[in-house]
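File shown: final-v7.pdb. Contents: PDB, C-alpha atoms, pLDDT in the B column.
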MODEL        1
ATOM      1  CA  MET A  24     -23.601 -36.113 -24.354  1.00 51.00           C
ATOM      2  CA  LYS A  25     -20.327 -34.944 -22.775  1.00 50.00           C
ATOM      3  CA  ARG A  26     -18.528 -35.401 -26.084  1.00 56.00           C
ATOM      4  CA  THR A  27     -21.154 -33.324 -27.877  1.00 63.00           C
ATOM      5  CA  LEU A  28     -20.756 -30.487 -25.376  1.00 53.00           C
ATOM      6  CA  ARG A  29     -16.993 -30.690 -25.758  1.00 58.00           C
ATOM      7  CA  ASP A  30     -17.291 -30.493 -29.547  1.00 50.00           C
ATOM      8  CA  ILE A  31     -19.614 -27.526 -29.276  1.00 53.00           C
ATOM      9  CA  SER A  32     -17.182 -25.763 -26.911  1.00 56.00           C
ATOM     10  CA  LEU A  33     -14.288 -26.429 -29.275  1.00 49.00           C
ATOM     11  CA  ALA A  34     -16.262 -25.090 -32.232  1.00 47.00           C
ATOM     12  CA  ALA A  35     -17.221 -21.973 -30.290  1.00 51.00           C
ATOM     13  CA  PHE A  36     -13.571 -21.443 -29.338  1.00 47.00           C
ATOM     14  CA  LEU A  37     -12.485 -21.693 -32.960  1.00 44.00           C
ATOM     15  CA  ILE A  38     -15.154 -19.220 -34.010  1.00 47.00           C
ATOM     16  CA  LEU A  39     -14.358 -16.710 -31.288  1.00 49.00           C
ATOM     17  CA  PHE A  40     -10.575 -16.858 -31.491  1.00 47.00           C
ATOM     18  CA  GLY A  41      -9.530 -18.828 -34.537  1.00 47.00           C
ATOM     19  CA  LEU A  42     -11.429 -16.894 -37.192  1.00 45.00           C
ATOM     20  CA  PRO A  43     -10.264 -13.446 -36.011  1.00 52.00           C
ATOM     21  CA  LEU A  44      -6.674 -14.689 -35.952  1.00 53.00           C
ATOM     22  CA  TYR A  45      -7.045 -16.077 -39.462  1.00 48.00           C
ATOM     23  CA  PHE A  46      -8.677 -12.835 -40.577  1.00 50.00           C
ATOM     24  CA  TYR A  47      -5.849 -10.684 -39.244  1.00 52.00           C
ATOM     25  CA  PHE A  48      -2.825 -12.881 -39.803  1.00 54.00           C
ATOM     26  CA  GLY A  49      -3.822 -15.276 -42.563  1.00 51.00           C
ATOM     27  CA  PRO A  50      -2.726 -15.099 -46.190  1.00 53.00           C
ATOM     28  CA  HIS A  51      -5.347 -12.446 -46.953  1.00 56.00           C
ATOM     29  CA  SER A  52      -4.983 -10.307 -43.825  1.00 64.00           C
ATOM     30  CA  PRO A  53      -6.110  -6.660 -43.984  1.00 78.00           C
ATOM     31  CA  VAL A  54      -3.651  -3.829 -44.345  1.00 84.00           C
ATOM     32  CA  ILE A  55      -3.154  -0.935 -41.941  1.00 87.00           C
ATOM     33  CA  GLY A  56      -5.380   1.871 -43.120  1.00 88.00           C
ATOM     34  CA  ASN A  57      -5.647   4.137 -40.096  1.00 91.00           C
ATOM     35  CA  ILE A  58      -3.382   4.951 -37.127  1.00 93.00           C
ATOM     36  CA  ILE A  59      -5.121   5.986 -33.900  1.00 94.00           C
ATOM     37  CA  VAL A  60      -3.067   7.606 -31.120  1.00 96.00           C
ATOM     38  CA  GLU A  61      -4.411   7.575 -27.547  1.00 95.00           C
ATOM     39  CA  GLY A  62      -3.222   8.867 -24.169  1.00 94.00           C
ATOM     40  CA  THR A  63      -1.470  12.061 -25.235  1.00 93.00           C
ATOM     41  CA  GLU A  64      -1.636  15.248 -23.179  1.00 91.00           C
ATOM     42  CA  LYS A  65       1.094  17.608 -24.393  1.00 90.00           C
ATOM     43  CA  VAL A  66       2.315  15.784 -27.493  1.00 93.00           C
ATOM     44  CA  ALA A  67       0.058  16.203 -30.519  1.00 93.00           C
ATOM     45  CA  PRO A  68      -1.339  12.829 -31.698  1.00 94.00           C
ATOM     46  CA  LYS A  69      -0.534  13.726 -35.304  1.00 93.00           C
ATOM     47  CA  GLU A  70       3.171  13.984 -34.382  1.00 93.00           C
ATOM     48  CA  ILE A  71       3.205  10.366 -33.253  1.00 93.00           C
ATOM     49  CA  ALA A  72       1.054   9.185 -36.145  1.00 93.00           C
ATOM     50  CA  ARG A  73       3.477  10.889 -38.524  1.00 91.00           C
ATOM     51  CA  LYS A  74       6.356   8.755 -37.202  1.00 90.00           C
ATOM     52  CA  LEU A  75       4.396   5.640 -38.224  1.00 91.00           C
ATOM     53  CA  SER A  76       2.900   6.943 -41.457  1.00 90.00           C
ATOM     54  CA  ASP A  77       5.073   4.635 -43.577  1.00 88.00           C
ATOM     55  CA  LEU A  78       3.283   1.657 -41.980  1.00 87.00           C
ATOM     56  CA  LYS A  79       0.039   2.427 -43.768  1.00 87.00           C
ATOM     57  CA  GLY A  80      -0.656  -0.181 -46.386  1.00 85.00           C
ATOM     58  CA  ARG A  81       1.362  -2.837 -44.546  1.00 84.00           C
ATOM     59  CA  PRO A  82      -0.491  -6.133 -43.949  1.00 84.00           C
ATOM     60  CA  PHE A  83      -1.159  -7.183 -40.357  1.00 77.00           C
ATOM     61  CA  SER A  84       0.364 -10.557 -41.109  1.00 75.00           C
ATOM     62  CA  GLY A  85       4.051 -10.538 -40.164  1.00 74.00           C
ATOM     63  CA  PHE A  86       3.797  -7.058 -38.688  1.00 78.00           C
ATOM     64  CA  SER A  87       5.874  -6.315 -35.559  1.00 84.00           C
ATOM     65  CA  THR A  88       4.078  -4.178 -32.986  1.00 87.00           C
ATOM     66  CA  LYS A  89       7.323  -4.129 -30.975  1.00 90.00           C
ATOM     67  CA  LYS A  90       9.182  -2.334 -33.761  1.00 89.00           C
ATOM     68  CA  ALA A  91       6.348   0.151 -34.082  1.00 90.00           C
ATOM     69  CA  ALA A  92       6.554   0.866 -30.348  1.00 94.00           C
ATOM     70  CA  GLU A  93      10.333   1.310 -30.575  1.00 93.00           C
ATOM     71  CA  ALA A  94       9.863   3.883 -33.321  1.00 92.00           C
ATOM     72  CA  VAL A  95       7.514   5.916 -31.099  1.00 94.00           C
ATOM     73  CA  LEU A  96       9.878   5.649 -28.120  1.00 94.00           C
ATOM     74  CA  GLN A  97      12.515   7.511 -30.110  1.00 93.00           C
ATOM     75  CA  ASP A  98      10.587  10.612 -29.080  1.00 94.00           C
ATOM     76  CA  PRO A  99      12.225  11.526 -25.729  1.00 95.00           C
ATOM     77  CA  ARG A 100       8.924  12.902 -24.411  1.00 95.00           C
ATOM     78  CA  ILE A 101       7.333   9.445 -24.444  1.00 96.00           C
ATOM     79  CA  GLU A 102       7.834   7.040 -21.528  1.00 96.00           C
ATOM     80  CA  LYS A 103       5.788   3.970 -22.521  1.00 95.00           C
ATOM     81  CA  VAL A 104       4.033   2.703 -25.661  1.00 96.00           C
ATOM     82  CA  ALA A 105       1.573  -0.118 -26.338  1.00 95.00           C
ATOM     83  CA  VAL A 106       0.588  -0.985 -29.927  1.00 93.00           C
ATOM     84  CA  ARG A 107      -2.353  -3.202 -30.939  1.00 91.00           C
ATOM     85  CA  PHE A 108      -4.591  -3.984 -33.882  1.00 87.00           C
ATOM     86  CA  ALA A 109      -8.272  -2.994 -33.980  1.00 86.00           C
ATOM     87  CA  PHE A 110     -11.049  -4.066 -36.341  1.00 81.00           C
ATOM     88  CA  PRO A 111     -11.184  -3.651 -39.242  1.00 84.00           C
ATOM     89  CA  ASN A 112      -7.871  -2.047 -40.268  1.00 87.00           C
ATOM     90  CA  LYS A 113      -6.703   0.194 -37.432  1.00 90.00           C
ATOM     91  CA  LEU A 114      -3.386   0.358 -35.632  1.00 91.00           C
ATOM     92  CA  VAL A 115      -3.972   1.740 -32.126  1.00 94.00           C
ATOM     93  CA  VAL A 116      -0.995   3.360 -30.379  1.00 95.00           C
ATOM     94  CA  ARG A 117      -1.434   3.988 -26.650  1.00 96.00           C
ATOM     95  CA  VAL A 118       1.256   6.236 -25.174  1.00 96.00           C
ATOM     96  CA  LYS A 119       2.234   7.482 -21.738  1.00 96.00           C
ATOM     97  CA  GLU A 120       4.065  10.762 -21.688  1.00 96.00           C
ATOM     98  CA  LYS A 121       6.883  11.588 -19.276  1.00 95.00           C
ATOM     99  CA  LYS A 122       5.959  13.866 -16.381  1.00 94.00           C
ATOM    100  CA  PHE A 123       8.035  15.885 -13.951  1.00 95.00           C
ATOM    101  CA  ASP A 124       7.908  15.483 -10.167  1.00 95.00           C
ATOM    102  CA  TYR A 125       9.736  18.583  -8.891  1.00 96.00           C
ATOM    103  CA  LEU A 126      10.459  22.189  -9.805  1.00 96.00           C
ATOM    104  CA  LEU A 127      14.066  23.038 -10.617  1.00 96.00           C
ATOM    105  CA  VAL A 128      15.320  26.585 -10.016  1.00 95.00           C
ATOM    106  CA  SER A 129      18.232  27.274 -12.340  1.00 94.00           C
ATOM    107  CA  ASN A 130      18.800  30.022 -14.900  1.00 91.00           C
ATOM    108  CA  GLU A 131      15.061  29.485 -15.513  1.00 92.00           C
ATOM    109  CA  LEU A 132      12.289  27.506 -13.870  1.00 94.00           C
ATOM    110  CA  PHE A 133      12.112  23.911 -15.148  1.00 95.00           C
ATOM    111  CA  GLY A 134      10.408  20.652 -14.311  1.00 95.00           C
ATOM    112  CA  LEU A 135      12.532  17.798 -12.950  1.00 97.00           C
ATOM    113  CA  SER A 136      11.648  14.095 -12.904  1.00 97.00           C
ATOM    114  CA  GLU A 137      12.771  11.324 -10.548  1.00 95.00           C
ATOM    115  CA  LYS A 138      15.171  10.229 -13.308  1.00 96.00           C
ATOM    116  CA  MET A 139      16.797  13.686 -13.305  1.00 97.00           C
ATOM    117  CA  GLU A 140      15.217  14.596 -16.646  1.00 97.00           C
ATOM    118  CA  ILE A 141      14.585  18.305 -17.179  1.00 96.00           C
ATOM    119  CA  PHE A 142      11.306  19.540 -18.666  1.00 95.00           C
ATOM    120  CA  PRO A 143      10.563  22.924 -20.228  1.00 94.00           C
ATOM    121  CA  LEU A 144       7.668  24.777 -18.619  1.00 91.00           C
ATOM    122  CA  ASP A 145       5.038  26.970 -20.204  1.00 83.00           C
ATOM    123  CA  ASP A 146       2.017  28.881 -18.929  1.00 74.00           C
ATOM    124  CA  SER A 147      -0.322  25.943 -19.547  1.00 69.00           C
ATOM    125  CA  MET A 148       1.500  23.651 -17.104  1.00 68.00           C
ATOM    126  CA  LYS A 149       0.251  23.467 -13.536  1.00 67.00           C
ATOM    127  CA  THR A 150       3.200  23.442 -11.167  1.00 72.00           C
ATOM    128  CA  GLY A 151       1.062  23.182  -8.025  1.00 73.00           C
ATOM    129  CA  ASP A 152       2.878  22.828  -4.706  1.00 83.00           C
ATOM    130  CA  ARG A 153       5.722  20.676  -5.988  1.00 92.00           C
ATOM    131  CA  LEU A 154       8.962  20.486  -4.053  1.00 96.00           C
ATOM    132  CA  VAL A 155      11.524  23.029  -5.288  1.00 96.00           C
ATOM    133  CA  ILE A 156      15.113  21.907  -5.938  1.00 97.00           C
ATOM    134  CA  SER A 157      17.896  24.470  -6.286  1.00 97.00           C
ATOM    135  CA  GLY A 158      21.674  24.805  -6.299  1.00 97.00           C
ATOM    136  CA  CYS A 159      22.435  22.529  -9.277  1.00 96.00           C
ATOM    137  CA  GLY A 160      23.998  25.192 -11.483  1.00 93.00           C
ATOM    138  CA  THR A 161      22.942  26.548 -14.855  1.00 93.00           C
ATOM    139  CA  PHE A 162      21.139  24.222 -17.250  1.00 92.00           C
ATOM    140  CA  SER A 163      22.093  24.226 -20.937  1.00 87.00           C
ATOM    141  CA  GLY A 164      21.564  20.614 -22.003  1.00 86.00           C
ATOM    142  CA  TRP A 165      18.876  18.532 -23.680  1.00 92.00           C
ATOM    143  CA  TYR A 166      15.324  18.328 -22.413  1.00 96.00           C
ATOM    144  CA  TYR A 167      13.873  14.956 -21.362  1.00 95.00           C
ATOM    145  CA  ARG A 168      17.344  13.429 -20.993  1.00 93.00           C
ATOM    146  CA  PRO A 169      18.839  12.336 -17.628  1.00 94.00           C
ATOM    147  CA  MET A 170      21.399  14.806 -16.294  1.00 95.00           C
ATOM    148  CA  ARG A 171      24.761  13.149 -15.542  1.00 92.00           C
ATOM    149  CA  THR A 172      26.490  15.897 -13.551  1.00 94.00           C
ATOM    150  CA  PRO A 173      27.833  15.545  -9.968  1.00 94.00           C
ATOM    151  CA  ALA A 174      25.210  18.006  -8.715  1.00 95.00           C
ATOM    152  CA  PHE A 175      22.304  16.012 -10.096  1.00 96.00           C
ATOM    153  CA  GLY A 176      23.944  12.825  -8.864  1.00 96.00           C
ATOM    154  CA  ARG A 177      23.809  14.278  -5.350  1.00 97.00           C
ATOM    155  CA  VAL A 178      20.144  15.145  -5.845  1.00 98.00           C
ATOM    156  CA  ALA A 179      19.324  11.616  -7.027  1.00 97.00           C
ATOM    157  CA  ASN A 180      21.212  10.005  -4.129  1.00 97.00           C
ATOM    158  CA  PHE A 181      19.595  12.239  -1.522  1.00 97.00           C
ATOM    159  CA  LEU A 182      16.095  11.629  -2.909  1.00 98.00           C
ATOM    160  CA  ALA A 183      16.758   7.880  -2.910  1.00 97.00           C
ATOM    161  CA  ALA A 184      17.747   8.075   0.773  1.00 97.00           C
ATOM    162  CA  VAL A 185      14.622  10.102   1.537  1.00 97.00           C
ATOM    163  CA  ARG A 186      12.362   7.556  -0.154  1.00 96.00           C
ATOM    164  CA  ARG A 187      13.957   4.775   1.907  1.00 95.00           C
ATOM    165  CA  GLN A 188      13.966   6.428   5.308  1.00 95.00           C
ATOM    166  CA  TYR A 189      11.587   9.376   5.402  1.00 96.00           C
ATOM    167  CA  PRO A 190       9.407   9.729   2.272  1.00 96.00           C
ATOM    168  CA  GLU A 191       7.082  12.156   4.065  1.00 95.00           C
ATOM    169  CA  LEU A 192       9.843  14.743   3.763  1.00 95.00           C
ATOM    170  CA  LEU A 193       8.949  15.149   0.078  1.00 95.00           C
ATOM    171  CA  GLU A 194       5.509  16.364   1.149  1.00 93.00           C
ATOM    172  CA  ARG A 195       6.538  18.402   4.203  1.00 93.00           C
ATOM    173  CA  ALA A 196       9.540  20.277   2.791  1.00 95.00           C
ATOM    174  CA  SER A 197       9.106  23.220   0.436  1.00 95.00           C
ATOM    175  CA  GLN A 198      12.666  23.291  -0.955  1.00 96.00           C
ATOM    176  CA  LEU A 199      15.909  21.319  -1.129  1.00 97.00           C
ATOM    177  CA  ASP A 200      19.104  23.232  -1.852  1.00 97.00           C
ATOM    178  CA  PHE A 201      22.330  21.569  -3.102  1.00 97.00           C
ATOM    179  CA  GLU A 202      24.502  24.629  -3.721  1.00 96.00           C
ATOM    180  CA  ASP A 203      27.046  23.638  -1.055  1.00 96.00           C
ATOM    181  CA  PRO A 204      28.779  20.402  -2.193  1.00 95.00           C
ATOM    182  CA  GLY A 205      29.217  19.403   1.452  1.00 94.00           C
ATOM    183  CA  ASN A 206      25.693  20.098   2.635  1.00 96.00           C
ATOM    184  CA  VAL A 207      22.043  19.611   1.714  1.00 97.00           C
ATOM    185  CA  LYS A 208      19.592  22.169   3.030  1.00 97.00           C
ATOM    186  CA  ALA A 209      15.874  21.573   3.436  1.00 96.00           C
ATOM    187  CA  TYR A 210      13.221  24.166   4.235  1.00 95.00           C
ATOM    188  CA  TRP A 211      10.159  23.025   6.176  1.00 92.00           C
ATOM    189  CA  GLN A 212       6.759  24.185   4.975  1.00 90.00           C
ATOM    190  CA  GLU A 213       5.420  24.683   8.496  1.00 84.00           C
ATOM    191  CA  GLY A 214       7.334  27.504  10.138  1.00 82.00           C
ATOM    192  CA  GLY A 215      10.067  27.709   7.502  1.00 85.00           C
ATOM    193  CA  THR A 216      12.602  25.779   9.582  1.00 90.00           C
ATOM    194  CA  GLU A 217      15.988  25.429   7.856  1.00 93.00           C
ATOM    195  CA  ILE A 218      17.536  21.951   8.152  1.00 94.00           C
ATOM    196  CA  ASN A 219      21.195  21.227   7.363  1.00 95.00           C
ATOM    197  CA  PHE A 220      21.919  17.574   6.568  1.00 95.00           C
ATOM    198  CA  GLY A 221      25.581  17.884   5.719  1.00 94.00           C
ATOM    199  CA  ALA A 222      27.241  15.288   3.488  1.00 93.00           C
ATOM    200  CA  ALA A 223      26.273  11.657   2.871  1.00 92.00           C
ATOM    201  CA  PRO A 224      25.374   9.238   4.351  1.00 93.00           C
ATOM    202  CA  HIS A 225      22.009  10.881   5.011  1.00 94.00           C
ATOM    203  CA  GLU A 226      19.981   7.900   6.232  1.00 93.00           C
ATOM    204  CA  PRO A 227      20.808   8.299   9.986  1.00 92.00           C
ATOM    205  CA  LYS A 228      20.044  12.024   9.812  1.00 93.00           C
ATOM    206  CA  LEU A 229      16.739  11.410   8.072  1.00 94.00           C
ATOM    207  CA  LEU A 230      15.739   8.912  10.751  1.00 92.00           C
ATOM    208  CA  LEU A 231      16.600  11.439  13.439  1.00 90.00           C
ATOM    209  CA  LEU A 232      14.614  14.149  11.648  1.00 92.00           C
ATOM    210  CA  ARG A 233      11.637  11.809  11.331  1.00 92.00           C
ATOM    211  CA  GLU A 234      11.632  11.235  15.089  1.00 88.00           C
ATOM    212  CA  MET A 235      11.877  14.959  15.778  1.00 88.00           C
ATOM    213  CA  ALA A 236       9.158  15.861  13.295  1.00 88.00           C
ATOM    214  CA  ALA A 237       6.733  13.518  15.040  1.00 87.00           C
ATOM    215  CA  SER A 238       6.581  15.981  17.929  1.00 82.00           C
ATOM    216  CA  GLY A 239       6.829  19.131  15.811  1.00 80.00           C
ATOM    217  CA  LEU A 240       9.882  21.038  14.610  1.00 78.00           C
ATOM    218  CA  PRO A 241      10.717  24.395  16.212  1.00 74.00           C
ATOM    219  CA  ALA A 242      10.972  27.470  14.034  1.00 73.00           C
ATOM    220  CA  GLY A 243      14.601  28.323  13.398  1.00 80.00           C
ATOM    221  CA  ASN A 244      17.566  26.249  12.196  1.00 88.00           C
ATOM    222  CA  LEU A 245      18.403  22.579  12.750  1.00 89.00           C
ATOM    223  CA  ASP A 246      21.953  21.404  12.127  1.00 91.00           C
ATOM    224  CA  LEU A 247      22.261  17.621  11.693  1.00 91.00           C
ATOM    225  CA  ARG A 248      25.794  17.688  10.342  1.00 88.00           C
ATOM    226  CA  GLN A 249      27.333  16.392  13.555  1.00 82.00           C
ATOM    227  CA  LYS A 250      27.074  12.623  13.970  1.00 70.00           C
ATOM    228  CA  ASN A 251      24.157  11.536  16.181  1.00 64.00           C
ATOM    229  CA  SER A 252      23.541  15.069  17.431  1.00 63.00           C
ATOM    230  CA  VAL A 253      21.421  18.102  16.682  1.00 65.00           C
ATOM    231  CA  VAL A 254      22.310  21.770  17.024  1.00 66.00           C
ATOM    232  CA  ALA A 255      19.226  23.954  17.023  1.00 59.00           C
ATOM    233  CA  PHE A 256      18.679  27.664  16.815  1.00 54.00           C
ATOM    234  CA  VAL A 257      15.135  28.288  18.027  1.00 52.00           C
ATOM    235  CA  GLY A 258      13.454  31.445  16.853  1.00 54.00           C
ATOM    236  CA  THR A 259      13.107  33.309  13.569  1.00 55.00           C
ATOM    237  CA  PRO A 260      15.026  31.471  10.769  1.00 49.00           C
ATOM    238  CA  GLN A 261      18.186  33.211   9.602  1.00 50.00           C
ATOM    239  CA  GLY A 262      17.648  35.746   6.862  1.00 49.00           C
ATOM    240  CA  GLU A 263      14.142  36.672   8.069  1.00 49.00           C
ATOM    241  CA  LYS A 264      13.186  39.768  10.000  1.00 41.00           C
TER
ENDMDL
END

Entire entry expressed as structure tokens:
Amino acid sequence: MKRTLRDISLAAFLILFGLPLYFYFGPHSPVIGNIIVEGTEKVAPKEIARKLSDLKGRPFSGFSTKKAAEAVLQDPRIEKVAVRFAFPNKLVVRVKEKKFDYLLVSNELFGLSEKMEIFPLDDSMKTGDRLVISGCGTFSGWYYRPMRTPAFGRVANFLAAVRRQYPELLERASQLDFEDPGNVKAYWQEGGTEINFGAAPHEPKLLLLREMAASGLPAGNLDLRQKNSVVAFVGTPQGEK
């Protein structure tokens, strides 16, 4: 009886998995007849399908989904790609587009990702209440490519320190300014307090700010540039009347 059940289970397994594999990858496998693109938001699906149009008519047998994914990833707007087969003759391409995390104030307003990639903005994009980053100079490079300048290196290093020591700062600050090579300025959303972090290392200063913020920051200016000390100007922030 046990052997019969085992034989039945084996036969069911072959039917469920073996036959489809033979159908797709056997000597008479179907050919790719249709390319379906999923997951796009800004990039038109037909743009991605066009990059793979020469795959139509190719048999599934011996086909490399990895190479197809690599071809799609040549588009700098795409972050991730997954390629699979679908019955009866479809190639399904699931993409994840790159997205920006911050707003960059330069010669224009741009989007900026954690990887220091710059995004063009248009009226259809919702910028929301994203943190504003300024003081990195004029942008004239390629979109969707990491910026390799000293200014953006400082931004990346400061953000890395923030994520390690005080990630809430990214929600509570309205702007980070890097115009002064020896100082990073932050502007608090509540009260508009100006905070001067000075030069790296920033971790001790971020820890000190976190402790201060727990009891509420005063309106005015906070200077954390001196080691293990705070100089505060309490009152209306400089530049305001």

Taking all atoms listed in the file into account, which of A:Lys228, A:Arg117, A:Arg195, A:Arg186 comes nearest Gly62 (chain A)?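 Among the listed residues, A:Arg117 lies closest to Gly62 (chain A).
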
How many Å separate CA of Arg171 (chain A) from CA of Ala94 (chain A)?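 That distance, rounded to one decimal, is 25.0 Å.
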
Which residues are near Ala237 (chain A)? Cut-off 12 Å, all atoms listed in the file, ignore same chain within fewer than 5 positions. Put them as a list in words. Tyr189, Glu191, Leu192, Arg195, Leu230, Leu231 and Leu232 of chain A

Mind checking which residues fall within 10 Å of Asn112 (chain A), counting only C-alpha atoms, ignoring those fewer than 4 positions away in the same chain, and posting them as a list in words?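 Residues near the query, excluding close chain neighbours: Tyr47, Ser52, Pro53, Val54, Ile55, Gly56, Asn57, Ile58, Lys79, Gly80, Pro82, Phe83 and Phe108 of chain A.
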
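Here CA of Val106 (chain A) is placed at a distance of 20.8 Å from CA of Lys122 (chain A).
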
Residues of region 60-101 of chain A at most 10 Å from region 148-168 of chain A: nearest atom pair and distance in Å, all atoms listed in the file, as a tab-separated table:
residue	atom	partner	partner_atom	distance
A:Lys65	CA	A:Met148	CA	9.5
A:Asp98	CA	A:Tyr167	CA	9.4
A:Pro99	CA	A:Tyr167	CA	5.8
A:Arg100	CA	A:Tyr167	CA	6.2
A:Ile101	CA	A:Tyr167	CA	9.1

Evaluate the PyMOL selection byres ((chain A and resi 226) around 12) here and jot the selected residues down as a ChimeraX atom specification. /A:180-190,220-225,227-233,247,250-251

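For the atom pair formed by CA of Val128 (chain A) and CA of Arg177 (chain A), the distance is 15.7 Å, given to one decimal.
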
Please evaluate the PyMOL selection byres ((chain A and resi 143) around 7) against the structure above and give the resulting residues as a count of residues only. 7

Specify the axis-aligned box that encloses all atoms of region 193-209 of chain A listed in the file after padding of 3 Å on each side, stating its centre and edge lengths in Å to one decimal as AutoDock Vina command-line options.
--center_x 17.4 --center_y 19.9 --center_z 0.2 --size_x 29.7 --size_y 15.5 --size_z 13.9

Name the residues that the PyMOL selection byres ((chain A and resi 93) around 12) pulls out of this structure, and write them as a list in words. Ile71, Lys74, Leu75, Ser87, Thr88, Lys89, Lys90, Ala91, Ala92, Ala94, Val95, Leu96, Gln97, Asp98, Pro99, Ile101, Glu102, Lys103, Val104, Ala105, Val106, Val116 and Val118 of chain A

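The closest residue to Thr216 (chain A), picked from A:Ala236, A:Leu114, A:Leu193, A:Leu245 and counting all atoms listed in the file, is A:Leu245.
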
Pick the closest to Ile218 (chain A) from A:Lys119, A:Glu202, A:Asp246, A:Ser238: which is it, counting only C-alpha atoms? A:Asp246

Starting from the sparse input, extend region 174-190 of chain A to N, CA and C atoms and give the output as a PDB file, keeping the file's coordinate frame.
ATOM      1  N   ALA A 174      26.273  17.357  -9.486  1.00 95.00           N
ATOM      2  CA  ALA A 174      25.210  18.006  -8.715  1.00 95.00           C
ATOM      3  C   ALA A 174      23.918  17.209  -8.780  1.00 95.00           C
ATOM      4  N   PHE A 175      23.545  16.781  -9.970  1.00 96.00           N
ATOM      5  CA  PHE A 175      22.304  16.012 -10.096  1.00 96.00           C
ATOM      6  C   PHE A 175      22.476  14.600  -9.538  1.00 96.00           C
ATOM      7  N   GLY A 176      23.692  14.092  -9.530  1.00 96.00           N
ATOM      8  CA  GLY A 176      23.944  12.825  -8.864  1.00 96.00           C
ATOM      9  C   GLY A 176      23.680  12.928  -7.369  1.00 96.00           C
ATOM     10  N   ARG A 177      24.090  14.055  -6.770  1.00 97.00           N
ATOM     11  CA  ARG A 177      23.809  14.278  -5.350  1.00 97.00           C
ATOM     12  C   ARG A 177      22.312  14.369  -5.090  1.00 97.00           C
ATOM     13  N   VAL A 178      21.605  15.044  -5.985  1.00 98.00           N
ATOM     14  CA  VAL A 178      20.144  15.145  -5.845  1.00 98.00           C
ATOM     15  C   VAL A 178      19.511  13.763  -5.887  1.00 98.00           C
ATOM     16  N   ALA A 179      19.897  12.950  -6.882  1.00 97.00           N
ATOM     17  CA  ALA A 179      19.324  11.616  -7.027  1.00 97.00           C
ATOM     18  C   ALA A 179      19.617  10.750  -5.804  1.00 97.00           C
ATOM     19  N   ASN A 180      20.845  10.813  -5.288  1.00 97.00           N
ATOM     20  CA  ASN A 180      21.212  10.005  -4.129  1.00 97.00           C
ATOM     21  C   ASN A 180      20.458  10.447  -2.875  1.00 97.00           C
ATOM     22  N   PHE A 181      20.314  11.749  -2.703  1.00 97.00           N
ATOM     23  CA  PHE A 181      19.595  12.239  -1.522  1.00 97.00           C
ATOM     24  C   PHE A 181      18.122  11.848  -1.595  1.00 97.00           C
ATOM     25  N   LEU A 182      17.504  11.998  -2.757  1.00 98.00           N
ATOM     26  CA  LEU A 182      16.095  11.629  -2.909  1.00 98.00           C
ATOM     27  C   LEU A 182      15.893  10.135  -2.693  1.00 98.00           C
ATOM     28  N   ALA A 183      16.850   9.322  -3.138  1.00 97.00           N
ATOM     29  CA  ALA A 183      16.758   7.880  -2.910  1.00 97.00           C
ATOM     30  C   ALA A 183      16.797   7.572  -1.418  1.00 97.00           C
ATOM     31  N   ALA A 184      17.676   8.269  -0.674  1.00 97.00           N
ATOM     32  CA  ALA A 184      17.747   8.075   0.773  1.00 97.00           C
ATOM     33  C   ALA A 184      16.452   8.524   1.449  1.00 97.00           C
ATOM     34  N   VAL A 185      15.883   9.610   0.976  1.00 97.00           N
ATOM     35  CA  VAL A 185      14.622  10.102   1.537  1.00 97.00           C
ATOM     36  C   VAL A 185      13.505   9.090   1.331  1.00 97.00           C
ATOM     37  N   ARG A 186      13.440   8.529   0.131  1.00 96.00           N
ATOM     38  CA  ARG A 186      12.362   7.556  -0.154  1.00 96.00           C
ATOM     39  C   ARG A 186      12.511   6.301   0.706  1.00 96.00           C
ATOM     40  N   ARG A 187      13.743   5.959   1.072  1.00 95.00           N
ATOM     41  CA  ARG A 187      13.957   4.775   1.907  1.00 95.00           C
ATOM     42  C   ARG A 187      13.635   5.036   3.375  1.00 95.00           C
ATOM     43  N   GLN A 188      14.022   6.193   3.862  1.00 95.00           N
ATOM     44  CA  GLN A 188      13.966   6.428   5.308  1.00 95.00           C
ATOM     45  C   GLN A 188      12.869   7.382   5.764  1.00 95.00           C
ATOM     46  N   TYR A 189      12.546   8.373   4.950  1.00 96.00           N
ATOM     47  CA  TYR A 189      11.587   9.376   5.402  1.00 96.00           C
ATOM     48  C   TYR A 189      10.871   9.996   4.201  1.00 96.00           C
ATOM     49  N   PRO A 190      10.056   9.216   3.484  1.00 96.00           N
ATOM     50  CA  PRO A 190       9.407   9.729   2.272  1.00 96.00           C
ATOM     51  C   PRO A 190       8.469  10.908   2.529  1.00 96.00           C
TER      52      PRO A 190
END
